[in-house]
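Since the structure comes first, as structure tokens, the remarks are kept for the end.
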Amino acid sequence: MDQPRIDEDQQLVARTQDGDAGAFDQLVVKYTPRLYGLVYNMTSNHEDTNDLLQDIFSKAYKSIRGFRGKSSFYTWVHSIAVNMTLNFLKKRGRRFHLSLDDVDASIQNDKEFLEVTQTSSPVREADLSELQLRLNEAMMKLSDEHRAVVTMFHIQGMPHAEISKILKVSEGTVRSRLFYANRQLQNYLDEFRKNPVT
Amino acid sequence: MDEFDNNEIGRLLRLKKYEQPPPGYFENFLHEFHRRQRDELLRQPLWRIALGRAQDFMMSLNVARMASYPVAATAVLLCAAVISLKIYQTTPAPNVARLSPAVPAQQAAEGGWSLAAPVSTRFTVSQPRTHLSTHRAATPPRYVLDSMPVSYESSLRF
């Protein structure tokens, strides 16, 4: 499944390197939603995400001539996005406010959503938007590096190997960060369940 | 089961993919990207634009592929030839003595050495006049006794 996509990306990259700006536009259109999810879940702020995405694609465009295709364009552009977002978060520090995006209506048809809400779980007790807020808060309590791993693994569905390539760390490091982050999120959400804020 | 376990947290996190930006955001993103690129281009100084174009030009020539040993050797030989030509073409500076005015310009301007002006008032001040360096300063001193030529021969008187 991935092969045609990679080939198509390679062609678009080659055309961009030959000066065809339209080919890069196609890459932008293709990867914007995915990179939006990555950056948004690391910053929890729509305006910051928008500015960062613009900068990420701008940087990718400027340095695409240096891209030699050792990795896929997908991995390469994700590396740029993660590094730029981590740098941004370091500069921003703890000064941030959550700006939640709306939950898409198609969530109602999602198999996972139905499972989560219909089984006897603490999720049922909480309003979804409240839970969304708590989850974002819990995510923001993680360190930037842990949040990056959680976002890529749980939300973006990337395999450990891909994450380790993007972050340039070993797969073991990815797994241990994920384990630690899951424990932290679990503790935070349990606390919320025991002491819900009305 | 009343506690969140790993699977449940995973499921909850996966639902976050449904958090979406305002409607129309993705449609306008490319337009906004182009607008920012143009703005950025306008804000750049001219030299940077020129540098960027030069870089593009060099990249289009594929300099990396051209940079082989024969090309490098040719470039070195060319540079050496140009430098040696420059060295051998330089003519030696003409060794012509500079004419210096007999009277220092400053004194002439002051009008101190004109025949009409009294000379005595000028040189009574006993200050070192180091700036009065004429072409004679470099020559060894000559000694003239009362403007009379020195001679050991007896004067011929008849």
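Residues are named by chain letter and number: chains run A, B, ... in the order of the structure tokens, numbers start at 1 in each chain, and ligands are numbered from 1 in the order shown.
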
Residue neighbourhood Glu137 (chain A), 12 Å, only C-alpha atoms, exclusion window fewer than 2 positions, as a PyMOL selection string: chain A and resi 41-45+96-100+130-135+139-142+147+184-185+188-189+192

How close does each residue of chain B get to chain A, giving the shortest atom pair and distance in Å to one decimal for every residue with an atom at most 7 Å away, counting only C-alpha atoms, sorted by chain and residue number, as a Markdown table?
```
| residue | atom | partner | partner_atom | distance |
| --- | --- | --- | --- | --- |
| B:Met1 | CA | A:Ser121 | CA | 6.5 |
| B:Asp2 | CA | A:Pro122 | CA | 5.9 |
| B:Glu3 | CA | A:Asp190 | CA | 6.2 |
| B:Phe4 | CA | A:Gln186 | CA | 5.9 |
| B:Asp5 | CA | A:Gln186 | CA | 6.7 |
| B:Asn6 | CA | A:Asn182 | CA | 6.5 |
| B:Ile9 | CA | A:Gln186 | CA | 7.0 |
| B:Gly10 | CA | A:His154 | CA | 5.8 |
| B:Arg11 | CA | A:Glu112 | CA | 6.3 |
| B:Leu13 | CA | A:Ile155 | CA | 5.8 |
| B:Arg14 | CA | A:Ile155 | CA | 4.6 |
| B:Leu15 | CA | A:Phe113 | CA | 6.8 |
| B:Lys16 | CA | A:Ile155 | CA | 6.5 |
| B:Lys17 | CA | A:Ile155 | CA | 6.1 |
| B:Tyr18 | CA | A:Asp104 | CA | 5.0 |
| B:Glu19 | CA | A:Val103 | CA | 4.3 |
| B:Gln20 | CA | A:Asp101 | CA | 5.3 |
| B:Pro21 | CA | A:Asp101 | CA | 5.3 |
| B:Leu30 | CA | A:Val29 | CA | 7.0 |
| B:Phe33 | CA | A:Gln54 | CA | 6.1 |
```

Can you work out which one of A:Ser176, A:Ser164, A:Ser63, A:Thr16 has the shortest atom-to-atom distance to Val77 (chain A), counting only C-alpha atoms?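 Residue with the minimum atom-to-atom distance to Val77 (chain A): A:Ser63.
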
One number please: CA of Gln44 (chain B) to CA of Asp51 (chain A), in Å, one decimal. 19.2 Å

What is the distance between CA of Glu8 (chain A) and CA of Glu32 (chain B), in Å to one decimal? 24.7 Å
